[in-house]
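Listing of data-v9.txt; format and content: compact mmCIF, C-alpha atoms.
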```
# COMPACT_ATOMS: atom_id res chain seq x y z
CA MET C 1 -28.30 19.12 -11.94
CA ALA C 2 -27.98 16.69 -9.03
CA LEU C 3 -30.82 16.72 -6.54
CA SER C 4 -30.11 18.13 -3.12
CA GLU C 5 -30.69 16.16 0.06
CA THR C 6 -33.76 18.31 0.75
CA GLN C 7 -35.21 17.53 -2.69
CA LEU C 8 -34.55 13.81 -2.18
CA LYS C 9 -36.30 13.90 1.19
CA LYS C 10 -39.32 15.53 -0.42
CA MET C 11 -39.31 12.97 -3.25
CA LEU C 12 -39.13 10.10 -0.72
CA ALA C 13 -41.62 11.56 1.75
CA LYS C 14 -43.72 8.36 1.77
CA TYR C 15 -40.78 6.01 2.29
CA LYS C 16 -40.80 4.25 5.64
CA TYR C 17 -37.05 4.66 6.17
CA ARG C 18 -36.63 7.90 4.29
CA ASP C 19 -33.41 9.16 5.89
CA LEU C 20 -31.55 5.88 5.31
CA THR C 21 -32.70 5.80 1.70
CA VAL C 22 -31.69 9.43 1.13
CA GLN C 23 -28.26 8.78 2.65
CA GLU C 24 -27.56 5.83 0.36
CA THR C 25 -28.99 7.53 -2.72
CA THR C 26 -26.78 10.56 -2.14
CA SER C 27 -23.69 8.34 -1.89
CA VAL C 28 -24.58 6.59 -5.16
CA ILE C 29 -25.29 9.68 -7.27
CA THR C 30 -22.13 11.32 -5.89
CA GLN C 31 -19.96 8.41 -7.01
CA TYR C 32 -21.91 7.36 -10.13
CA LYS C 33 -22.95 10.62 -11.71
CA ASP C 34 -24.71 8.95 -14.68
CA LEU C 35 -27.32 7.46 -12.33
CA LYS C 36 -30.26 9.76 -11.64
CA PRO C 37 -33.16 9.41 -9.16
CA VAL C 38 -36.49 9.19 -10.99
CA MET C 39 -39.98 8.94 -9.44
CA ASP C 40 -42.52 6.87 -11.37
CA ALA C 41 -45.25 4.23 -11.01
CA TYR C 42 -44.16 0.63 -10.64
CA VAL C 43 -46.79 -2.01 -11.52
CA PHE C 44 -46.86 -5.27 -9.56
CA ASN C 45 -48.12 -8.73 -10.52
CA ASP C 46 -51.59 -8.13 -9.16
CA GLY C 47 -52.00 -5.02 -11.31
CA SER C 48 -51.57 -2.60 -8.44
CA SER C 49 -49.13 0.24 -8.82
CA ARG C 50 -47.09 2.31 -6.43
CA ASP C 51 -45.01 5.44 -6.85
CA LEU C 52 -41.40 4.38 -6.31
CA MET C 53 -38.03 5.94 -6.90
CA SER C 54 -35.55 4.34 -9.27
CA LEU C 55 -31.89 5.06 -9.88
CA THR C 56 -31.76 5.07 -13.67
CA GLY C 57 -28.83 5.59 -16.01
CA THR C 58 -25.53 3.90 -16.73
CA ILE C 59 -22.64 2.35 -14.84
CA PRO C 60 -19.09 2.03 -16.23
CA VAL C 61 -18.07 -1.59 -16.83
CA PRO C 62 -14.55 -2.61 -17.91
CA TYR C 63 -14.49 -5.41 -20.48
CA ARG C 64 -11.45 -6.69 -22.39
CA GLY C 65 -9.48 -3.51 -22.05
CA ASN C 66 -12.31 -1.08 -22.82
CA THR C 67 -14.96 0.59 -20.68
CA TYR C 68 -18.64 0.59 -21.59
CA ASN C 69 -21.69 2.45 -20.24
CA ILE C 70 -24.21 -0.22 -19.30
CA PRO C 71 -27.80 1.04 -18.76
CA ILE C 72 -29.52 -0.15 -15.59
CA CYS C 73 -32.54 0.73 -13.46
CA LEU C 74 -32.66 0.05 -9.71
CA TRP C 75 -36.16 0.36 -8.22
CA LEU C 76 -36.21 1.05 -4.48
CA LEU C 77 -39.24 -0.25 -2.60
CA ASP C 78 -40.75 2.05 0.01
CA THR C 79 -39.42 -0.35 2.64
CA TYR C 80 -35.83 0.05 1.43
CA PRO C 81 -33.16 -0.66 2.76
CA PHE C 82 -34.80 -3.58 4.57
CA ASN C 83 -35.88 -5.05 1.22
CA PRO C 84 -33.58 -5.35 -1.80
CA PRO C 85 -33.95 -3.21 -4.92
CA ILE C 86 -35.71 -4.58 -8.00
CA CYS C 87 -33.03 -4.42 -10.67
CA PHE C 88 -33.11 -4.42 -14.48
CA VAL C 89 -30.78 -3.98 -17.38
CA LYS C 90 -32.45 -1.29 -19.46
CA PRO C 91 -31.23 -1.55 -23.07
CA THR C 92 -31.45 1.31 -25.52
CA SER C 93 -32.92 0.82 -28.99
CA SER C 94 -29.47 -0.08 -30.33
CA MET C 95 -29.03 -2.93 -27.84
CA THR C 96 -30.35 -6.42 -27.23
CA ILE C 97 -30.38 -8.17 -23.87
CA LYS C 98 -27.91 -11.04 -23.57
CA THR C 99 -29.50 -13.59 -21.29
CA GLY C 100 -27.29 -15.50 -18.89
CA LYS C 101 -26.87 -16.60 -15.31
CA HIS C 102 -27.81 -13.22 -13.94
CA VAL C 103 -30.07 -11.58 -16.52
CA ASP C 104 -33.30 -13.03 -17.97
CA ALA C 105 -34.89 -12.25 -21.33
CA ASN C 106 -36.78 -9.29 -19.86
CA GLY C 107 -33.68 -7.71 -18.37
CA LYS C 108 -34.40 -8.69 -14.76
CA ILE C 109 -31.15 -8.99 -12.79
CA TYR C 110 -30.59 -11.88 -10.38
CA LEU C 111 -27.58 -11.86 -8.05
CA PRO C 112 -26.67 -13.71 -4.86
CA TYR C 113 -26.15 -10.29 -3.29
CA LEU C 114 -29.83 -9.48 -3.88
CA HIS C 115 -31.00 -12.91 -2.79
CA GLU C 116 -29.04 -12.64 0.47
CA TRP C 117 -29.75 -8.93 1.02
CA LYS C 118 -29.51 -7.87 4.65
CA HIS C 119 -29.30 -4.32 5.97
CA PRO C 120 -26.85 -2.82 6.95
CA GLN C 121 -24.34 -5.29 5.47
CA SER C 122 -25.93 -4.82 2.03
CA ASP C 123 -26.16 -1.45 0.32
CA LEU C 124 -26.46 0.18 -3.10
CA ILE C 125 -22.76 0.95 -3.53
CA GLY C 126 -21.88 -2.69 -2.85
CA LEU C 127 -24.62 -3.84 -5.25
CA ILE C 128 -23.31 -1.64 -8.06
CA GLN C 129 -19.74 -2.78 -7.51
CA ILE C 130 -20.90 -6.39 -7.79
CA MET C 131 -22.75 -5.58 -11.03
CA ILE C 132 -19.58 -4.02 -12.44
CA VAL C 133 -17.56 -7.16 -11.63
CA VAL C 134 -20.24 -9.59 -12.86
CA PHE C 135 -21.04 -7.66 -16.05
CA GLY C 136 -17.32 -7.35 -16.74
CA GLU C 137 -17.21 -11.14 -16.95
CA GLU C 138 -20.63 -11.78 -18.49
CA PRO C 139 -21.95 -8.86 -20.57
CA PRO C 140 -25.72 -8.28 -20.15
CA VAL C 141 -26.29 -6.55 -23.52
CA PHE C 142 -24.86 -6.52 -27.02
CA SER C 143 -25.28 -4.38 -30.13
CA ARG C 144 -28.02 -5.04 -32.61
CA PRO C 145 -26.29 -6.25 -35.78
CA THR C 146 -28.28 -3.92 -38.06
CA ILE C 147 -27.58 -0.78 -36.06
CA SER C 148 -24.33 1.05 -35.46
CA SER C 149 -22.70 -0.14 -32.25
CA SER C 150 -22.32 3.42 -31.04
CA TYR C 151 -24.92 4.72 -28.63
CA GLN C 152 -25.41 7.71 -26.47
CA PRO C 153 -25.39 7.25 -22.70
CA TYR C 154 -28.90 6.73 -21.38
CA GLN C 155 -30.63 9.89 -20.26
CA ALA C 156 -32.82 9.28 -17.23
CA THR C 157 -35.47 11.83 -18.16
CA GLY C 158 -38.68 11.98 -20.14
CA PRO C 159 -42.32 11.18 -19.54
CA PRO C 160 -43.40 7.66 -18.58
CA ASN C 161 -44.87 5.45 -21.28
CA THR C 162 -46.89 2.26 -21.29
CA SER C 163 -43.90 0.19 -20.21
CA TYR C 164 -43.34 -0.59 -16.57
CA MET C 165 -40.07 1.30 -16.69
CA PRO C 166 -39.85 5.03 -17.47
CA GLY C 167 -38.36 5.97 -20.82
CA MET C 168 -38.42 2.42 -22.19
CA PRO C 169 -37.16 2.45 -25.81
CA SER C 170 -39.57 1.23 -28.47
CA GLY C 171 -39.03 -2.22 -29.85
CA ILE C 172 -37.94 -3.73 -26.53
CA SER C 173 -40.16 -6.07 -24.56
CA PRO C 174 -41.49 -4.50 -21.35
CA TYR C 175 -40.05 -5.70 -18.07
CA PRO C 176 -42.01 -8.13 -15.92
CA PRO C 177 -44.43 -6.31 -13.63
CA GLY C 178 -43.92 -8.47 -10.60
CA HIS C 179 -41.27 -8.89 -8.00
CA PRO C 180 -40.79 -12.66 -7.71
CA PRO C 181 -38.15 -13.83 -5.25
CA ASN C 182 -34.71 -14.25 -6.72
CA PRO C 183 -33.89 -17.88 -7.59
CA SER C 184 -31.41 -19.74 -5.47
CA GLY C 185 -28.68 -22.13 -6.55
CA TYR C 186 -26.39 -19.60 -8.19
CA PRO C 187 -23.40 -21.04 -10.01
CA ALA C 188 -20.02 -20.52 -8.42
CA TYR C 189 -17.61 -17.75 -9.39
CA PRO C 190 -15.82 -16.94 -11.63
CA TYR C 191 -18.10 -16.25 -14.57
CA PRO C 192 -17.20 -17.12 -18.17
CA PRO C 193 -16.76 -14.20 -20.58
CA GLY C 194 -19.75 -13.21 -22.69
CA GLY C 195 -20.33 -11.40 -25.93
CA PRO C 196 -19.15 -7.89 -26.72
CA PHE C 197 -20.68 -4.79 -25.24
CA PRO C 198 -21.85 -1.97 -27.45
CA ALA C 199 -19.23 0.71 -27.74
CA THR C 200 -19.63 3.79 -25.59
CA THR C 201 -19.37 7.32 -26.78
CA SER C 202 -18.16 8.59 -23.45
CA GLY C 203 -14.53 8.14 -22.52
CA GLN C 204 -14.92 9.55 -19.02
CA HIS C 205 -17.23 7.90 -16.49
CA TYR C 206 -16.04 9.57 -13.33
CA PRO C 207 -15.20 13.21 -12.86
CA SER C 208 -11.59 14.01 -13.46
CA GLN C 209 -9.47 14.00 -10.32
CA PRO C 210 -9.28 17.62 -9.21
CA PRO C 211 -5.89 18.93 -8.16
CA VAL C 212 -5.33 18.64 -4.45
CA THR C 213 -3.82 22.09 -4.27
CA THR C 214 -3.50 25.13 -6.44
CA VAL C 215 0.06 26.24 -7.11
CA ALA C 216 0.24 30.01 -7.24
CA ASP C 217 3.44 31.44 -8.67
CA ALA C 218 6.38 29.84 -6.86
CA ARG C 219 4.43 28.85 -3.76
CA ARG C 220 3.55 25.19 -3.17
CA LYS C 221 1.62 23.57 -0.40
CA GLN C 222 3.20 20.63 1.37
CA LYS C 223 1.36 17.46 0.37
CA GLN C 224 0.42 14.91 2.99
CA VAL C 225 1.21 11.36 1.85
CA TRP C 226 0.01 8.31 3.77
CA ILE C 227 1.52 4.92 2.97
CA CYS C 228 -0.61 2.22 4.56
CA GLY C 229 -0.30 -1.55 4.45
CA HIS C 230 0.88 -4.82 5.93
CA SER C 231 4.40 -6.07 6.67
CA TYR C 232 5.83 -4.80 3.38
CA VAL C 233 5.06 -1.22 4.45
CA PHE C 234 6.21 -1.86 8.03
CA TRP C 235 9.62 -3.09 6.86
CA ALA C 236 9.82 -0.55 4.03
CA GLU C 237 9.82 2.27 6.57
CA LYS C 238 12.52 0.58 8.68
CA ARG C 239 14.63 -0.02 5.59
CA ALA C 240 14.20 3.57 4.44
CA LEU C 241 15.48 4.82 7.82
CA VAL C 242 18.89 3.21 7.27
CA ARG C 243 19.23 4.13 3.62
CA SER C 244 20.60 7.38 2.28
CA PHE C 245 17.21 8.57 1.00
CA GLY C 246 15.66 8.27 4.48
CA PRO C 247 11.98 7.93 5.43
CA GLN C 248 11.11 10.70 2.96
CA LEU C 249 12.43 8.48 0.14
CA GLY C 250 14.44 11.47 -1.03
CA ILE C 251 11.37 13.70 -1.44
CA ARG C 252 11.87 17.24 -0.12
CA VAL C 253 9.89 17.86 3.04
CA GLU C 254 8.86 21.24 1.58
CA ASP C 255 7.02 19.33 -1.15
CA ALA C 256 5.52 16.47 0.83
CA LYS C 257 5.48 14.81 4.21
CA LEU C 258 5.42 11.00 4.15
CA HIS C 259 3.59 9.14 6.92
CA TRP C 260 4.16 5.37 7.16
CA ILE C 261 1.26 3.31 8.54
CA GLY C 262 2.42 -0.29 8.44
CA LYS C 263 1.17 -3.21 10.51
CA SER C 264 2.52 -6.76 10.35
CA GLY C 265 -0.16 -9.26 9.32
CA MET C 266 -2.66 -6.54 8.45
CA MET C 267 -5.83 -7.73 6.70
CA TRP C 268 -8.09 -5.73 4.41
CA ASP C 269 -10.89 -5.29 6.97
CA GLN C 270 -8.42 -3.46 9.23
CA LEU C 271 -7.80 -0.73 6.65
CA ILE C 272 -10.66 1.69 7.35
CA PRO C 273 -10.35 1.47 11.18
CA THR C 274 -6.60 2.05 10.81
CA LEU C 275 -7.15 5.10 8.60
CA PHE C 276 -9.67 6.64 10.99
CA HIS C 277 -7.31 6.05 13.91
CA ALA C 278 -4.48 7.75 11.99
CA ARG C 279 -6.79 10.64 11.18
CA ARG C 280 -6.88 11.57 14.87
CA ARG C 281 -3.20 12.51 14.81
CA LEU C 282 -2.41 13.30 11.18
CA PRO C 283 -3.66 15.83 8.63
CA ASP C 284 -5.92 14.27 5.99
CA PRO C 285 -3.95 12.76 3.12
CA ASP C 286 -3.59 14.37 -0.29
CA VAL C 287 -2.15 11.07 -1.54
CA LEU C 288 -2.99 7.69 0.01
CA VAL C 289 -0.94 4.64 -0.98
CA ILE C 290 -2.52 1.30 -0.05
CA HIS C 291 -0.56 -1.96 -0.10
CA LEU C 292 -2.93 -4.62 1.19
CA GLY C 293 -4.86 -7.70 0.13
CA GLY C 294 -2.04 -10.22 -0.09
CA ASN C 295 -2.81 -11.65 3.35
CA ASP C 296 -6.49 -11.99 2.42
CA LEU C 297 -5.88 -14.18 -0.65
CA GLY C 298 -6.83 -17.75 0.06
CA THR C 299 -8.93 -16.80 3.07
CA THR C 300 -11.89 -15.59 0.99
CA LYS C 301 -13.05 -15.87 -2.63
CA PHE C 302 -11.07 -13.47 -4.75
CA VAL C 303 -14.29 -12.13 -6.34
CA ASP C 304 -15.64 -11.28 -2.89
CA LEU C 305 -12.33 -9.64 -2.05
CA ILE C 306 -12.49 -7.53 -5.22
CA ILE C 307 -16.00 -6.37 -4.35
CA ARG C 308 -14.99 -5.47 -0.79
CA ILE C 309 -11.89 -3.58 -1.95
CA LYS C 310 -13.83 -1.54 -4.52
CA LYS C 311 -16.56 -0.71 -2.04
CA ASP C 312 -14.07 0.44 0.59
CA LEU C 313 -12.01 2.45 -1.91
CA GLY C 314 -15.19 4.25 -2.93
CA PHE C 315 -15.95 4.98 0.72
CA ILE C 316 -12.41 6.26 1.33
CA LYS C 317 -12.60 8.45 -1.75
CA HIS C 318 -15.83 9.95 -0.43
CA THR C 319 -14.46 10.42 3.10
CA PHE C 320 -11.11 12.01 2.29
CA LYS C 321 -12.09 14.81 -0.07
CA ASN C 322 -9.85 15.28 -3.13
CA VAL C 323 -7.48 12.48 -2.09
CA ILE C 324 -5.55 10.71 -4.84
CA LEU C 325 -5.72 6.96 -4.18
CA VAL C 326 -2.76 4.80 -5.15
CA TRP C 327 -3.13 1.02 -5.35
CA SER C 328 0.14 -0.81 -4.75
CA ASN C 329 -0.14 -4.14 -6.57
CA ILE C 330 -0.12 -7.35 -4.53
CA VAL C 331 3.40 -8.71 -5.02
CA PRO C 332 3.89 -12.36 -6.00
CA ARG C 333 5.37 -14.61 -3.35
CA LYS C 334 7.53 -17.70 -3.35
CA ALA C 335 5.20 -19.25 -0.77
CA TRP C 336 1.63 -18.38 0.18
CA ASN C 337 1.20 -20.63 3.24
CA GLN C 338 -2.36 -21.47 2.18
CA GLU C 339 -4.13 -24.74 1.45
CA GLU C 340 -4.74 -23.67 -2.15
CA THR C 341 -2.17 -24.47 -4.82
CA TYR C 342 0.49 -21.91 -5.72
CA ARG C 343 -0.96 -21.66 -9.22
CA PHE C 344 -4.43 -20.84 -7.86
CA MET C 345 -3.05 -18.24 -5.45
CA ASP C 346 -1.01 -16.48 -8.09
CA LYS C 347 -3.95 -16.45 -10.50
CA SER C 348 -6.14 -14.92 -7.78
CA ARG C 349 -3.46 -12.30 -7.13
CA LYS C 350 -3.37 -11.34 -10.81
CA ASN C 351 -7.18 -11.15 -10.98
CA VAL C 352 -7.35 -8.81 -7.99
CA ASN C 353 -4.57 -6.58 -9.33
CA ARG C 354 -6.21 -6.38 -12.76
CA GLU C 355 -9.71 -5.56 -11.49
CA ILE C 356 -8.55 -3.00 -8.93
CA GLY C 357 -6.16 -1.49 -11.47
CA ASN C 358 -9.08 -0.91 -13.84
CA PHE C 359 -11.16 0.52 -11.01
CA MET C 360 -8.42 2.98 -10.08
CA LYS C 361 -8.60 4.45 -13.58
CA PHE C 362 -12.30 5.17 -13.04
CA ILE C 363 -11.76 7.11 -9.83
CA GLY C 364 -8.71 9.06 -10.96
CA GLY C 365 -6.22 6.97 -8.99
CA CYS C 366 -2.85 5.43 -9.77
CA VAL C 367 -1.26 1.99 -9.66
CA ILE C 368 2.23 0.94 -8.53
CA ARG C 369 2.98 -2.22 -10.50
CA HIS C 370 6.16 -3.66 -8.86
CA ASP C 371 7.08 -5.42 -12.10
CA SER C 372 10.63 -6.19 -10.90
CA LEU C 373 9.49 -8.00 -7.74
CA VAL C 374 9.11 -11.53 -9.05
CA PRO C 375 10.20 -14.79 -7.38
CA GLU C 376 12.47 -15.58 -10.31
CA SER C 377 14.72 -12.63 -9.47
CA PRO C 378 17.48 -13.89 -7.11
CA GLY C 379 17.93 -12.23 -3.74
CA LEU C 380 14.71 -10.21 -3.62
CA PHE C 381 12.77 -12.40 -1.17
CA HIS C 382 13.31 -13.46 2.43
CA LEU C 383 14.03 -17.11 3.13
CA ASP C 384 10.42 -17.59 4.24
CA GLY C 385 9.30 -16.88 0.65
CA VAL C 386 6.74 -14.31 1.85
CA LEU C 387 8.57 -11.19 2.95
CA LEU C 388 11.01 -9.23 0.83
CA SER C 389 14.73 -9.23 1.49
CA GLN C 390 16.57 -5.97 2.17
CA SER C 391 17.33 -5.66 -1.54
CA GLY C 392 13.71 -6.46 -2.41
CA THR C 393 12.51 -3.83 0.05
CA ASP C 394 14.80 -1.28 -1.60
CA VAL C 395 13.17 -2.09 -4.94
CA PHE C 396 9.73 -1.78 -3.31
CA ASN C 397 10.62 1.69 -1.99
CA LEU C 398 11.99 2.82 -5.34
CA ASP C 399 8.71 1.72 -6.94
CA LEU C 400 6.84 3.88 -4.42
CA LEU C 401 9.10 6.83 -5.13
CA SER C 402 8.71 6.58 -8.91
CA VAL C 403 4.93 7.08 -8.65
CA LEU C 404 4.94 9.57 -5.77
CA GLU C 405 7.27 11.86 -7.71
CA THR C 406 4.61 12.17 -10.42
CA LEU C 407 1.93 13.16 -7.87
CA ILE C 408 3.83 15.73 -5.82
```
Show this structure as structure tokens.
Amino acid sequence: MALSETQLKKMLAKYKYRDLTVQETTSVITQYKDLKPVMDAYVFNDGSSRDLMSLTGTIPVPYRGNTYNIPICLWLLDTYPFNPPICFVKPTSSMTIKTGKHVDANGKIYLPYLHEWKHPQSDLIGLIQIMIVVFGEEPPVFSRPTISSSYQPYQATGPPNTSYMPGMPSGISPYPPGHPPNPSGYPAYPYPPGGPFPATTSGQHYPSQPPVTTVADARRKQKQVWICGHSYVFWAEKRALVRSFGPQLGIRVEDAKLHWIGKSGMMWDQLIPTLFHARRRLPDPDVLVIHLGGNDLGTTKFVDLIIRIKKDLGFIKHTFKNVILVWSNIVPRKAWNQEETYRFMDKSRKNVNREIGNFMKFIGGCVIRHDSLVPESPGLFHLDGVLLSQSGTDVFNLDLLSVLETLI
């Protein structure tokens, strides 16, 4: 059973910034239900120990088309969140640590995010999202060759033993007792792929998406659908107004009400403010379609963009209860108007779409692929090579409709 906020406050009574720590911990265990708060003694380099809370358990990491439960332990100092967590990969007895750029032989995790930690810009949700991205490129553990690759998800319970970490499996070297500063000089993204993860026995890492409404007999509640994004959404609404299917895209108003929230030139960091502004005048969405990110490519590292998108999608999922999130893939363009080469831009686009597509599966969301919208198809793009033509916008709207019909 998940701990209540009152129980967490009692557990963290000696923490200097207790309320901030409780708030972040609650967000984490709500989104990542395999992570559990555990109180235990942490031993430092000088031999002193202190009772600290750790978030211990597993996080879901996509790797080469499969998803694996990777065991971690995040120790929160009593000065958190003004000091970064002390982080370890915590292998089970069927696993061996795979050392690399970000994990040493003892399982200690080193990340630029930890090295550059600064509250309130840095938080636990962002840290975990970075781990998911990094471990998806460079696995931190692999199966022992003499033991079956199957393992049960780590259970964050049990009495402490002589290791520095609670519940440390036998046969694994204990973690280092100290908290040395993270090394600088991290290699640049992206990370090369590593060895295979151990297989997971759990196919579901997030709770199944609950139905937004309950249909009783012949009665159905009208769904609220928000479609939010940059110029593609702005022009999609205008195009829908002059087409036979109208702004409802042919969907009966008794079944759903579509609300278009499109802004020309919209960037990703405008999404959450835009949604909160719309919330003042609209009912909360049952379905939220997001078509953004294309304008951000080339202005920031695509790995950083992926991390930001995942973090914000998690926040939106937590804010709008029971909403079904729909990621509308970034569409290829004939011209990107960036200093980077076209090949680099298109590769970045594909990387973002792939990573966010995988993430949407975890949170019970959907993806609109837009497979027909490719530069090679004649007549689908505007002369500027960025916007869609009227025909291309029609295809875009039909793609929206094909997915919305399955959700309403």
Query - Spatial neighbours of C:Ile109, max dist 7 Å, only C-alpha atoms, sep filter under 6 positions, as a PyMOL selection string - result: chain C and resi 87-89+102-103
Query raised in the report: Leaving out stretch 66-80 of chain C and any residue of its chain fewer than 4 positions from it, which residues lie within 6 Å of it when counting all atoms listed in the file, given as a PyMOL selection string?
Result: chain C and resi 15-16+53-62+85-90+200
**Report entry** Selected residue, from C:Gly126, C:Ala236, C:Ile261, C:Phe82, that lies nearest to C:Gly314 when counting all atoms listed in the file
**Finding:** C:Gly126
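Of note, atom CA of C:Leu388 and atom CA of C:Ser372 are spaced 12.1 Å apart.
Our summary of the geometry notes that atom CA of C:Phe344 is positioned 26.9 Å from atom CA of C:Ile128.
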Requested in this report: May I ask for the distance between atom CA of C:Gly229 and atom CA of C:Leu124, given in Å to one decimal place?
Outcome: 27.3 Å
